[in-house]
$ cat upload04.pdb   # PDB, C-alpha atoms
MODEL        1
ATOM      1  CA  MET A  45       9.251  -3.543  -8.672
ATOM      2  CA  ILE A  46       7.312  -4.537  -5.545
ATOM      3  CA  HIS A  47       6.462  -1.849  -2.983
ATOM      4  CA  PHE A  48       5.491  -2.965   0.511
ATOM      5  CA  PRO A  49       3.214  -1.047   2.894
ATOM      6  CA  ALA A  50       4.804   2.163   4.106
ATOM      7  CA  GLN A  51       6.477   2.092   7.501
ATOM      8  CA  ARG A  52       6.484   4.882  10.031
ATOM      9  CA  ARG A  53      10.005   6.001   9.176
ATOM     10  CA  GLY A  54      11.863   4.971   6.071
ATOM     11  CA  PRO A  55      15.619   4.553   5.631
ATOM     12  CA  LEU A  56      15.919   7.828   3.716
ATOM     13  CA  SER A  57      14.555   9.883   6.607
ATOM     14  CA  ALA A  58      16.826   8.051   9.056
ATOM     15  CA  LEU A  59      19.808   8.658   6.756
ATOM     16  CA  SER A  60      18.908  12.353   6.468
ATOM     17  CA  LEU A  61      18.799  12.713  10.247
ATOM     18  CA  ARG A  62      22.199  11.065  10.597
ATOM     19  CA  LEU A  63      23.740  13.236   7.882
ATOM     20  CA  ALA A  64      22.316  16.341   9.531
ATOM     21  CA  ALA A  65      23.793  15.248  12.873
ATOM     22  CA  ALA A  66      27.207  14.622  11.276
ATOM     23  CA  LEU A  67      27.151  18.008   9.568
ATOM     24  CA  GLY A  68      26.175  19.656  12.840
ATOM     25  CA  LEU A  69      29.156  18.029  14.551
ATOM     26  CA  VAL A  70      31.520  19.267  11.842
ATOM     27  CA  LEU A  71      30.188  22.819  12.131
ATOM     28  CA  ALA A  72      30.415  22.718  15.932
ATOM     29  CA  VAL A  73      34.076  21.619  15.786
ATOM     30  CA  VAL A  74      34.826  24.297  13.154
ATOM     31  CA  ALA A  75      33.316  26.951  15.417
ATOM     32  CA  ALA A  76      35.297  25.751  18.466
ATOM     33  CA  VAL A  77      38.585  25.654  16.529
ATOM     34  CA  TYR A  78      37.968  29.015  14.862
ATOM     35  CA  LEU A  79      37.250  30.707  18.184
ATOM     36  CA  GLY A  80      40.491  29.323  19.649
ATOM     37  CA  ARG A  81      42.540  29.514  16.438
ATOM     38  CA  ASP A  82      45.311  31.465  18.195
ATOM     39  CA  GLY A  83      46.131  28.308  20.168
ATOM     40  CA  TYR A  84      46.771  26.222  17.028
ATOM     41  CA  ARG A  85      49.905  26.018  14.936
ATOM     42  CA  ASP A  86      50.214  25.037  11.304
ATOM     43  CA  VAL A  87      53.254  24.176   9.221
ATOM     44  CA  ASN A  88      53.240  27.565   7.484
ATOM     45  CA  GLU A  89      53.228  29.519  10.766
ATOM     46  CA  ASP A  90      50.730  31.995   9.267
ATOM     47  CA  GLY A  91      47.748  31.281  11.501
ATOM     48  CA  LEU A  92      44.465  29.512  10.777
ATOM     49  CA  THR A  93      41.836  30.763   8.348
ATOM     50  CA  LEU A  94      38.219  29.630   8.337
ATOM     51  CA  LEU A  95      39.085  27.156   5.572
ATOM     52  CA  ASP A  96      41.928  25.790   7.705
ATOM     53  CA  CYS A  97      39.452  25.293  10.561
ATOM     54  CA  PHE A  98      37.136  23.326   8.263
ATOM     55  CA  TYR A  99      40.108  21.275   7.059
ATOM     56  CA  TYR A 100      41.257  20.515  10.611
ATOM     57  CA  ALA A 101      37.719  19.580  11.704
ATOM     58  CA  VAL A 102      37.227  17.177   8.827
ATOM     59  CA  VAL A 103      40.597  15.390   9.124
ATOM     60  CA  SER A 104      40.242  15.191  12.899
ATOM     61  CA  LEU A 105      36.706  13.794  12.933
ATOM     62  CA  SER A 106      37.574  11.293  10.217
ATOM     63  CA  THR A 107      40.653  10.208  12.252
ATOM     64  CA  THR A 108      42.922  10.974   9.293
ATOM     65  CA  GLY A 109      45.182  13.340  11.272
ATOM     66  CA  TYR A 110      47.884  14.600   8.899
ATOM     67  CA  GLY A 111      49.540  16.566  11.702
ATOM     68  CA  ASP A 112      50.032  19.751   9.657
ATOM     69  CA  ILE A 113      47.730  21.612  12.095
ATOM     70  CA  THR A 114      48.200  20.863  15.794
ATOM     71  CA  PRO A 115      46.974  22.411  19.060
ATOM     72  CA  SER A 116      49.892  24.098  20.770
ATOM     73  CA  ALA A 117      48.296  26.194  23.525
ATOM     74  CA  PRO A 118      46.924  24.491  26.687
ATOM     75  CA  SER A 119      43.455  25.885  26.027
ATOM     76  CA  ALA A 120      43.389  24.408  22.520
ATOM     77  CA  ARG A 121      44.544  21.049  23.831
ATOM     78  CA  LEU A 122      41.853  21.161  26.499
ATOM     79  CA  VAL A 123      39.232  21.782  23.790
ATOM     80  CA  ASN A 124      40.573  18.767  21.913
ATOM     81  CA  VAL A 125      40.377  16.555  24.972
ATOM     82  CA  LEU A 126      36.932  17.667  26.160
ATOM     83  CA  PHE A 127      35.179  18.382  22.857
ATOM     84  CA  VAL A 128      36.963  17.333  19.661
ATOM     85  CA  THR A 129      37.772  13.779  20.788
ATOM     86  CA  PRO A 130      34.194  12.979  21.987
ATOM     87  CA  ALA A 131      32.905  14.561  18.774
ATOM     88  CA  ARG A 132      35.243  12.308  16.791
ATOM     89  CA  VAL A 133      33.874   9.208  18.535
ATOM     90  CA  LEU A 134      30.274  10.362  18.012
ATOM     91  CA  PHE A 135      31.012  11.109  14.341
ATOM     92  CA  LEU A 136      32.296   7.559  13.811
ATOM     93  CA  ILE A 137      29.241   6.139  15.588
ATOM     94  CA  ILE A 138      26.990   8.076  13.207
ATOM     95  CA  LEU A 139      28.855   6.831  10.139
ATOM     96  CA  VAL A 140      28.970   3.193  11.264
ATOM     97  CA  GLY A 141      25.361   3.309  12.476
ATOM     98  CA  THR A 142      24.170   4.675   9.149
ATOM     99  CA  THR A 143      25.977   1.930   7.243
ATOM    100  CA  LEU A 144      24.564  -0.761   9.506
ATOM    101  CA  GLU A 145      21.047   0.645   9.225
ATOM    102  CA  VAL A 146      21.164   0.727   5.414
ATOM    103  CA  LEU A 147      22.478  -2.833   5.248
ATOM    104  CA  THR A 148      19.909  -3.999   7.808
ATOM    105  CA  GLU A 149      17.094  -2.350   5.876
ATOM    106  CA  GLN A 150      18.214  -4.009   2.650
ATOM    107  CA  TYR A 151      18.364  -7.393   4.382
ATOM    108  CA  ARG A 152      14.969  -6.842   6.008
ATOM    109  CA  THR A 153      13.407  -5.854   2.677
ATOM    110  CA  GLY A 154      14.857  -8.937   0.991
ATOM    111  CA  ARG A 155      13.515 -11.219   3.731
ATOM    112  CA  ARG A 156      10.132  -9.520   3.568
ATOM    113  CA  LEU A 157       9.992  -9.979  -0.210
ATOM    114  CA  SER A 158      10.901 -13.670  -0.091
ATOM    115  CA  ARG A 159       8.410 -14.304   2.721
ATOM    116  CA  TRP A 160       5.657 -12.531   0.772
ATOM    117  CA  ARG A 161       6.381 -14.550  -2.367
ATOM    118  CA  ARG A 162       6.117 -17.801  -0.415
ATOM    119  CA  SER A 163       2.854 -16.922   1.336
ATOM    120  CA  VAL A 164       0.865 -14.996  -1.289
ATOM    121  CA  LYS A 165      -2.135 -17.084  -2.321
ATOM    122  CA  ASP A 166      -5.890 -16.627  -2.787
ATOM    123  CA  HIS A 167      -5.346 -12.882  -2.945
ATOM    124  CA  VAL A 168      -7.177 -10.191  -4.913
ATOM    125  CA  ILE A 169      -5.299  -8.199  -7.544
ATOM    126  CA  ILE A 170      -6.477  -4.631  -8.182
ATOM    127  CA  CYS A 171      -5.338  -3.372 -11.596
ATOM    128  CA  GLY A 172      -5.441   0.406 -11.228
ATOM    129  CA  TYR A 173      -5.567   2.438  -8.031
ATOM    130  CA  GLY A 174      -7.656   5.388  -9.123
ATOM    131  CA  THR A 175     -11.099   6.265  -7.799
ATOM    132  CA  LYS A 176     -12.570   2.884  -8.808
ATOM    133  CA  GLY A 177      -9.628   0.920  -7.494
ATOM    134  CA  ARG A 178      -9.630   2.684  -4.119
ATOM    135  CA  SER A 179     -13.393   2.135  -3.783
ATOM    136  CA  ALA A 180     -12.959  -1.558  -4.603
ATOM    137  CA  VAL A 181     -10.285  -1.895  -1.928
ATOM    138  CA  SER A 182     -12.515  -0.159   0.624
ATOM    139  CA  ALA A 183     -15.381  -2.544  -0.180
ATOM    140  CA  LEU A 184     -13.109  -5.587   0.138
ATOM    141  CA  VAL A 185     -11.752  -4.451   3.491
ATOM    142  CA  GLU A 186     -15.238  -3.636   4.774
ATOM    143  CA  ASN A 187     -16.310  -7.186   3.887
ATOM    144  CA  GLY A 188     -13.541  -8.659   6.018
ATOM    145  CA  LEU A 189     -10.698  -9.219   3.545
ATOM    146  CA  ASP A 190      -7.314  -8.618   5.131
ATOM    147  CA  ARG A 191      -5.186  -5.912   3.509
ATOM    148  CA  SER A 192      -2.281  -8.346   3.217
ATOM    149  CA  ARG A 193      -4.363 -10.324   0.689
ATOM    150  CA  ILE A 194      -4.790  -7.328  -1.639
ATOM    151  CA  VAL A 195      -2.167  -6.561  -4.287
ATOM    152  CA  VAL A 196      -2.293  -3.351  -6.321
ATOM    153  CA  VAL A 197      -0.805  -3.096  -9.823
ATOM    154  CA  GLU A 198      -0.234   0.520 -10.825
ATOM    155  CA  ARG A 199       2.123   2.614 -12.962
ATOM    156  CA  SER A 200       1.649   6.008 -11.335
ATOM    157  CA  PRO A 201       4.212   6.772  -8.577
ATOM    158  CA  ALA A 202       1.656   8.904  -6.728
ATOM    159  CA  ALA A 203      -0.909   6.097  -6.750
ATOM    160  CA  LEU A 204       1.760   3.628  -5.604
ATOM    161  CA  ARG A 205       2.547   5.855  -2.623
ATOM    162  CA  GLN A 206      -1.156   6.046  -1.770
ATOM    163  CA  ALA A 207      -1.486   2.266  -1.946
ATOM    164  CA  THR A 208       1.511   1.585   0.284
ATOM    165  CA  SER A 209       0.357   4.294   2.715
ATOM    166  CA  ALA A 210      -2.966   2.436   2.926
ATOM    167  CA  GLY A 211      -1.134  -0.721   4.017
ATOM    168  CA  LEU A 212      -1.238  -2.524   0.664
ATOM    169  CA  VAL A 213       1.414  -4.333  -1.349
ATOM    170  CA  ALA A 214       1.844  -2.529  -4.666
ATOM    171  CA  ILE A 215       3.622  -3.633  -7.833
ATOM    172  CA  GLU A 216       4.923  -0.956 -10.164
ATOM    173  CA  GLY A 217       4.161  -1.539 -13.821
ATOM    174  CA  SER A 218       1.410  -1.934 -16.382
ATOM    175  CA  ALA A 219      -1.145  -4.697 -15.807
ATOM    176  CA  THR A 220      -1.183  -5.322 -19.568
ATOM    177  CA  ARG A 221       2.296  -6.873 -19.318
ATOM    178  CA  SER A 222       2.579 -10.571 -18.488
ATOM    179  CA  SER A 223       5.753 -10.103 -16.442
ATOM    180  CA  VAL A 224       4.022  -7.667 -14.091
ATOM    181  CA  LEU A 225       1.046  -9.980 -13.536
ATOM    182  CA  ILE A 226       3.373 -12.923 -12.975
ATOM    183  CA  GLU A 227       5.175 -10.817 -10.356
ATOM    184  CA  ALA A 228       1.766 -10.349  -8.707
ATOM    185  CA  HIS A 229       1.323 -14.176  -8.691
ATOM    186  CA  VAL A 230      -1.834 -13.954 -10.787
ATOM    187  CA  LYS A 231      -1.992 -17.760 -11.143
ATOM    188  CA  ASN A 232      -2.470 -18.104  -7.378
ATOM    189  CA  ALA A 233      -4.952 -15.225  -7.127
ATOM    190  CA  LYS A 234      -8.571 -15.609  -6.112
ATOM    191  CA  SER A 235      -9.793 -12.861  -8.428
ATOM    192  CA  VAL A 236      -8.598  -9.919 -10.507
ATOM    193  CA  ILE A 237     -10.403  -6.570 -10.428
ATOM    194  CA  ILE A 238      -9.720  -4.411 -13.489
ATOM    195  CA  ALA A 239     -10.193  -0.726 -12.639
ATOM    196  CA  THR A 240      -8.106   0.997 -15.292
ATOM    197  CA  ASP A 241      -8.791   4.451 -16.712
ATOM    198  CA  SER A 242      -9.566   3.307 -20.269
ATOM    199  CA  ASP A 243     -11.665   0.539 -21.806
ATOM    200  CA  ASP A 244      -8.857  -0.369 -24.214
ATOM    201  CA  ALA A 245      -6.505  -1.081 -21.329
ATOM    202  CA  SER A 246      -9.209  -3.095 -19.541
ATOM    203  CA  VAL A 247      -9.626  -5.360 -22.572
ATOM    204  CA  LEU A 248      -5.856  -5.931 -22.823
ATOM    205  CA  VAL A 249      -5.614  -6.709 -19.104
ATOM    206  CA  ALA A 250      -8.511  -9.194 -19.318
ATOM    207  CA  LEU A 251      -6.898 -10.954 -22.291
ATOM    208  CA  THR A 252      -3.532 -11.139 -20.508
ATOM    209  CA  VAL A 253      -5.053 -12.501 -17.294
ATOM    210  CA  ARG A 254      -7.073 -15.117 -19.180
ATOM    211  CA  GLN A 255      -4.003 -16.213 -21.118
ATOM    212  CA  LEU A 256      -1.891 -16.570 -17.959
ATOM    213  CA  THR A 257      -4.529 -18.313 -15.844
ATOM    214  CA  ALA A 258      -6.393 -20.343 -18.509
ATOM    215  CA  GLY A 259      -9.637 -18.834 -17.226
ATOM    216  CA  GLN A 260      -9.215 -20.296 -13.721
ATOM    217  CA  VAL A 261      -9.155 -16.890 -11.972
ATOM    218  CA  ARG A 262     -12.311 -14.809 -11.744
ATOM    219  CA  ILE A 263     -12.058 -11.479 -13.576
ATOM    220  CA  ILE A 264     -14.233  -8.493 -12.669
ATOM    221  CA  ALA A 265     -13.882  -5.416 -14.863
ATOM    222  CA  ALA A 266     -15.314  -1.929 -15.078
ATOM    223  CA  VAL A 267     -15.883  -0.126 -18.370
ATOM    224  CA  ARG A 268     -17.009   3.374 -19.191
ATOM    225  CA  GLU A 269     -19.090   2.612 -22.270
ATOM    226  CA  ALA A 270     -21.804  -0.062 -22.424
ATOM    227  CA  GLU A 271     -20.850  -1.012 -25.995
ATOM    228  CA  ASN A 272     -17.481  -2.283 -24.730
ATOM    229  CA  ALA A 273     -19.015  -4.651 -22.169
ATOM    230  CA  PRO A 274     -19.536  -7.567 -24.633
ATOM    231  CA  LEU A 275     -15.967  -7.178 -25.853
ATOM    232  CA  LEU A 276     -14.675  -7.452 -22.290
ATOM    233  CA  LYS A 277     -16.733 -10.577 -21.674
ATOM    234  CA  GLN A 278     -15.339 -12.113 -24.859
ATOM    235  CA  SER A 279     -11.867 -11.198 -23.573
ATOM    236  CA  GLY A 280     -12.391 -13.318 -20.460
ATOM    237  CA  ALA A 281     -14.118 -11.096 -17.904
ATOM    238  CA  HIS A 282     -16.681 -12.990 -15.817
ATOM    239  CA  HIS A 283     -18.444  -9.822 -14.618
ATOM    240  CA  VAL A 284     -18.504  -6.404 -16.279
ATOM    241  CA  ILE A 285     -19.749  -3.253 -14.580
ATOM    242  CA  VAL A 286     -20.644  -0.315 -16.820
ATOM    243  CA  SER A 287     -19.772   2.726 -14.737
ATOM    244  CA  SER A 288     -21.209   5.391 -17.039
ATOM    245  CA  ALA A 289     -24.518   3.580 -17.493
ATOM    246  CA  THR A 290     -24.847   2.998 -13.747
ATOM    247  CA  ALA A 291     -24.128   6.641 -13.017
ATOM    248  CA  GLY A 292     -26.645   7.685 -15.683
ATOM    249  CA  ARG A 293     -29.394   5.535 -14.156
ATOM    250  CA  LEU A 294     -28.742   7.015 -10.740
ATOM    251  CA  LEU A 295     -28.906  10.514 -12.191
ATOM    252  CA  GLY A 296     -32.226   9.682 -13.814
ATOM    253  CA  LEU A 297     -33.614   8.239 -10.586
ATOM    254  CA  SER A 298     -32.540  11.344  -8.688
ATOM    255  CA  THR A 299     -34.946  13.333 -10.887
ATOM    256  CA  SER A 300     -37.894  10.954 -11.152
ATOM    257  CA  ALA A 301     -37.687   9.228  -7.748
ATOM    258  CA  PRO A 302     -35.276  11.034  -5.384
ATOM    259  CA  PRO A 303     -35.915   8.773  -2.338
ATOM    260  CA  LEU A 304     -34.570   5.781  -4.290
ATOM    261  CA  ILE A 305     -31.168   7.448  -4.451
ATOM    262  CA  ASP A 306     -31.092   7.624  -0.655
ATOM    263  CA  VAL A 307     -31.931   3.917  -0.464
ATOM    264  CA  VAL A 308     -29.181   2.991  -2.942
ATOM    265  CA  GLU A 309     -26.625   5.132  -1.128
ATOM    266  CA  ASP A 310     -27.671   3.569   2.168
ATOM    267  CA  LEU A 311     -27.174   0.071   0.739
ATOM    268  CA  LEU A 312     -23.758   0.913  -0.718
ATOM    269  CA  THR A 313     -22.410   2.996   2.178
ATOM    270  CA  PRO A 314     -21.124   0.917   5.101
ATOM    271  CA  GLY A 315     -22.285   1.675   8.609
ATOM    272  CA  GLN A 316     -25.221   3.853   7.551
ATOM    273  CA  GLY A 317     -28.173   1.520   8.139
ATOM    274  CA  MET A 318     -28.795  -1.123   5.485
ATOM    275  CA  ALA A 319     -26.197  -3.142   3.619
ATOM    276  CA  LEU A 320     -26.249  -5.891   1.010
ATOM    277  CA  ALA A 321     -24.760  -9.182   2.177
ATOM    278  CA  MET A 322     -24.561 -12.791   1.061
ATOM    279  CA  ARG A 323     -24.446 -15.978   3.107
ATOM    280  CA  SER A 324     -24.858 -19.709   2.631
ATOM    281  CA  ALA A 325     -28.264 -21.221   3.172
ATOM    282  CA  GLU A 326     -28.532 -23.077   6.473
ATOM    283  CA  ARG A 327     -29.704 -26.666   6.619
ATOM    284  CA  SER A 328     -32.902 -25.639   8.424
ATOM    285  CA  GLU A 329     -33.730 -23.183   5.616
ATOM    286  CA  VAL A 330     -33.537 -25.711   2.760
ATOM    287  CA  GLY A 331     -36.994 -26.405   1.342
ATOM    288  CA  ARG A 332     -38.484 -23.189   2.705
ATOM    289  CA  SER A 333     -39.498 -20.099   0.798
ATOM    290  CA  PRO A 334     -37.016 -17.197   0.982
ATOM    291  CA  ARG A 335     -39.907 -14.882   1.855
ATOM    292  CA  GLU A 336     -40.526 -16.819   5.080
ATOM    293  CA  LEU A 337     -37.112 -16.070   6.569
ATOM    294  CA  GLU A 338     -36.535 -13.383   9.168
ATOM    295  CA  SER A 339     -33.858 -11.677   7.097
ATOM    296  CA  LEU A 340     -34.974  -9.826   3.977
ATOM    297  CA  VAL A 341     -33.811 -12.069   1.109
ATOM    298  CA  ILE A 342     -33.887 -10.381  -2.295
ATOM    299  CA  ALA A 343     -32.259 -13.047  -4.502
ATOM    300  CA  LEU A 344     -30.612 -16.471  -4.578
ATOM    301  CA  VAL A 345     -27.309 -17.476  -6.137
ATOM    302  CA  ARG A 346     -27.570 -21.040  -7.406
ATOM    303  CA  ARG A 347     -24.615 -22.705  -9.141
ATOM    304  CA  GLY A 348     -23.111 -19.339  -9.936
ATOM    305  CA  LYS A 349     -26.295 -17.819 -11.404
ATOM    306  CA  VAL A 350     -28.604 -15.256  -9.834
ATOM    307  CA  VAL A 351     -32.168 -16.445  -9.282
ATOM    308  CA  THR A 352     -34.753 -13.779  -8.439
ATOM    309  CA  LEU A 353     -37.633 -14.482  -6.091
ATOM    310  CA  SER A 354     -40.129 -13.791  -8.885
ATOM    311  CA  ASP A 355     -38.799 -16.799 -10.806
ATOM    312  CA  LYS A 356     -40.395 -20.173 -10.206
ATOM    313  CA  ALA A 357     -36.944 -21.585  -9.384
ATOM    314  CA  GLY A 358     -36.550 -19.028  -6.606
ATOM    315  CA  ALA A 359     -39.668 -20.068  -4.727
ATOM    316  CA  VAL A 360     -37.822 -22.685  -2.649
ATOM    317  CA  ILE A 361     -34.311 -22.679  -1.182
ATOM    318  CA  GLU A 362     -32.153 -25.580  -2.303
ATOM    319  CA  THR A 363     -29.004 -27.120  -0.846
ATOM    320  CA  GLY A 364     -25.929 -25.087  -1.757
ATOM    321  CA  ASP A 365     -27.822 -21.845  -2.428
ATOM    322  CA  MET A 366     -26.345 -18.498  -1.434
ATOM    323  CA  LEU A 367     -28.810 -15.979  -0.020
ATOM    324  CA  VAL A 368     -28.498 -12.319  -1.007
ATOM    325  CA  HIS A 369     -30.124 -10.363   1.784
ATOM    326  CA  VAL A 370     -30.309  -6.925   3.383
ATOM    327  CA  ARG A 371     -28.767  -6.725   6.831
ATOM    328  CA  ASP A 372     -28.669  -4.080   9.517
ATOM    329  CA  ASP A 373     -25.286  -2.393   9.185
ATOM    330  CA  ARG A 374     -25.660   0.248  11.847
ATOM    331  CA  PRO A 375     -22.882   0.379  14.473
ATOM    332  CA  GLN A 376     -23.753  -1.635  17.544
ATOM    333  CA  GLN A 377     -24.443   0.670  20.468
ATOM    334  CA  THR A 378     -23.187  -0.527  23.806
ATOM    335  CA  SER A 379     -25.290   0.504  26.749
ATOM    336  CA  ALA A 380     -23.464   2.459  29.435
ATOM    337  CA  PRO A 381     -23.191   0.764  32.830
ATOM    338  CA  ALA A 382     -25.658   2.015  35.373
TER     339      ALA A 382
ENDMDL
END

$ encode --input "upload04.pdb" --output "structure tokens"
Amino acid sequence: MIHFPAQRRGPLSALSLRLAAALGLVLAVVAAVYLGRDGYRDVNEDGLTLLDCFYYAVVSLSTTGYGDITPSAPSARLVNVLFVTPARVLFLIILVGTTLEVLTEQYRTGRRLSRWRRSVKDHVIICGYGTKGRSAVSALVENGLDRSRIVVVERSPAALRQATSAGLVAIEGSATRSSVLIEAHVKNAKSVIIATDSDDASVLVALTVRQLTAGQVRIIAAVREAENAPLLKQSGAHHVIVSSATAGRLLGLSTSAPPLIDVVEDLLTPGQGMALAMRSAERSEVGRSPRELESLVIALVRRGKVVTLSDKAGAVIETGDMLVHVRDDRPQQTSAPA
């Protein structure tokens, strides 16, 4: 099942408001009839009870009108003309409006689904919307990827609600199932990020994605244990991030070299000061040393492989290289007019 980004007010809340309004009308008519019950006549000639007032209100507002209870006194007829009849019209408007809104919402959802299926392409699929999945989405959005190009695959209803509340399209189901990934249009995806809670599930997802895409879609996966990283690469993952090992290194650095932790956090936290970025080498930069550039270049990406500046191959920039550099990520301050 595909869940689209949450809207400000869903059909259930609108339906609840309409039902509450209809119930309020019924109770208001019951109160008016009960207060003037001496002006009504029923077929038994024994007066109106509270149940009779409810019965009369319901059959009157629904325009059924059996005629077994009728207003006989002028005051009761006046109440029917000035209050019961307008309430009957308003009651019908509520019922018809609710039906039209439900049908319109169903039609709108169907159109939205068909339009999404036609346009989804070069998107990023996030398998798992836990802590790692949410962080991956934040990083993608911060790097300029539109939220409409992110699709979340998740089984947890709570996580699905969080994803749709964040403006993302979410597909309910397990990413280990081919049908769910096909529903996410994995063959047209740009990349798949595997952020499941267990390494076993990550391996199954990687195998399923590779089988469906014949290795044409880039797979990035996170694992808890370093010993499972080779297995994930054999399963089809192009990049594997060992979360436990990375966290352990940071913990060790926090003891031996605390300032390095601040530098790493600064690089990974957007808007704090420094940020890692990557760009294509300009024509004027080809043939020059990366150390000569104004921006701080820390590595090159050449034909899909990382080349460090300490390597002989990284001494000169070549055509087609990508430059990994550190940029100033502080918010731009606009000077106030004098």

$ atom_distance --input "upload04.pdb" --atom1 "CA of Asp372 (chain A)" --atom2 "CA of Leu320 (chain A)"
9.0 Å

$ closest_residue --input "upload04.pdb" --among "A:Arg132, A:Lys356, A:Ser328, A:Ala321" --to "Ala183 (chain A)" --atoms "only C-alpha atoms"
A:Ala321

$ atom_distance --input "upload04.pdb" --atom1 "CA of Pro302 (chain A)" --atom2 "CA of Ala319 (chain A)"
19.1 Å

$ residues_near_point --input "upload04.pdb" --point "(-10.5, -13.7, -22.2)" --cutoff "12 Å" --atoms "only C-alpha atoms" --output "PyMOL selection string"
chain A and resi 246-265+274-283

$ atom_distance --input "upload04.pdb" --atom1 "CA of Gly80 (chain A)" --atom2 "CA of Ser104 (chain A)"
15.7 Å

$ axis_aligned_box --input "upload04.pdb" --around "region 356-374 of chain A" --padding-each-side "8 Å" --output "JSON"
{"center_x": -32.8, "center_y": -13.4, "center_z": 0.8, "size_x": 31.1, "size_y": 43.4, "size_z": 38.1}

$ resolve_selection --input "upload04.pdb" --expression "the PyMOL selection byres ((chain A and resi 266) around 8)" --output "PyMOL selection string"
chain A and resi 238-240+246+264-265+267-268+284-287

$ write_last_selection --input "upload04.pdb" --atoms "C-alpha atoms" --output "compact mmCIF listing (two decimals), in the coordinates of the input"
# COMPACT_ATOMS: atom_id res chain seq x y z
CA ILE A 238 -9.72 -4.41 -13.49
CA ALA A 239 -10.19 -0.73 -12.64
CA THR A 240 -8.11 1.00 -15.29
CA SER A 246 -9.21 -3.10 -19.54
CA ILE A 264 -14.23 -8.49 -12.67
CA ALA A 265 -13.88 -5.42 -14.86
CA VAL A 267 -15.88 -0.13 -18.37
CA ARG A 268 -17.01 3.37 -19.19
CA VAL A 284 -18.50 -6.40 -16.28
CA ILE A 285 -19.75 -3.25 -14.58
CA VAL A 286 -20.64 -0.32 -16.82
CA SER A 287 -19.77 2.73 -14.74

$ resolve_selection --input "upload04.pdb" --expression "the PyMOL selection byres ((chain A and resi 195) around 7)" --output "number ranges by chain"
A: 168-170, 193-194, 196-197, 212-214

$ write_last_selection --input "upload04.pdb" --atoms "C-alpha atoms" --output "PDB file, keeping the file's coordinate frame"
ATOM      1  CA  VAL A 168      -7.177 -10.191  -4.913  1.00  0.00           C
ATOM      2  CA  ILE A 169      -5.299  -8.199  -7.544  1.00  0.00           C
ATOM      3  CA  ILE A 170      -6.477  -4.631  -8.182  1.00  0.00           C
ATOM      4  CA  ARG A 193      -4.363 -10.324   0.689  1.00  0.00           C
ATOM      5  CA  ILE A 194      -4.790  -7.328  -1.639  1.00  0.00           C
ATOM      6  CA  VAL A 196      -2.293  -3.351  -6.321  1.00  0.00           C
ATOM      7  CA  VAL A 197      -0.805  -3.096  -9.823  1.00  0.00           C
ATOM      8  CA  LEU A 212      -1.238  -2.524   0.664  1.00  0.00           C
ATOM      9  CA  VAL A 213       1.414  -4.333  -1.349  1.00  0.00           C
ATOM     10  CA  ALA A 214       1.844  -2.529  -4.666  1.00  0.00           C
TER      11      ALA A 214
END

$ resolve_selection --input "upload04.pdb" --expression "the PyMOL selection byres ((chain A and resi 360) around 7)" --output "JSON, numbers by chain"
{"A": [331, 332, 333, 334, 357, 358, 359, 361, 362]}

$ residues_around --input "upload04.pdb" --residues "Asn88 (chain A)" --least-positions-apart "4" --cutoff "12 Å" --atoms "only C-alpha atoms" --output "ChimeraX atom specification"
/A:84,92-93,96,112-114

$ write_last_selection --input "upload04.pdb" --atoms "C-alpha atoms" --output "mmCIF file, in the coordinates of the input"
data_model
loop_
_atom_site.group_PDB
_atom_site.id
_atom_site.type_symbol
_atom_site.label_atom_id
_atom_site.label_comp_id
_atom_site.auth_asym_id
_atom_site.auth_seq_id
_atom_site.Cartn_x
_atom_site.Cartn_y
_atom_site.Cartn_z
ATOM 1 C CA TYR A 84 46.771 26.222 17.028
ATOM 2 C CA LEU A 92 44.465 29.512 10.777
ATOM 3 C CA THR A 93 41.836 30.763 8.348
ATOM 4 C CA ASP A 96 41.928 25.790 7.705
ATOM 5 C CA ASP A 112 50.032 19.751 9.657
ATOM 6 C CA ILE A 113 47.730 21.612 12.095
ATOM 7 C CA THR A 114 48.200 20.863 15.794
#

$ closest_residue --input "upload04.pdb" --among "A:Ala72, A:Ala219, A:Leu134, A:Leu147" --to "Ala245 (chain A)" --atoms "only C-alpha atoms"
A:Ala219

$ closest_residue --input "upload04.pdb" --among "A:Leu79, A:Val181, A:Leu71, A:Val140" --to "Tyr99 (chain A)" --atoms "all atoms listed in the file"
A:Leu71
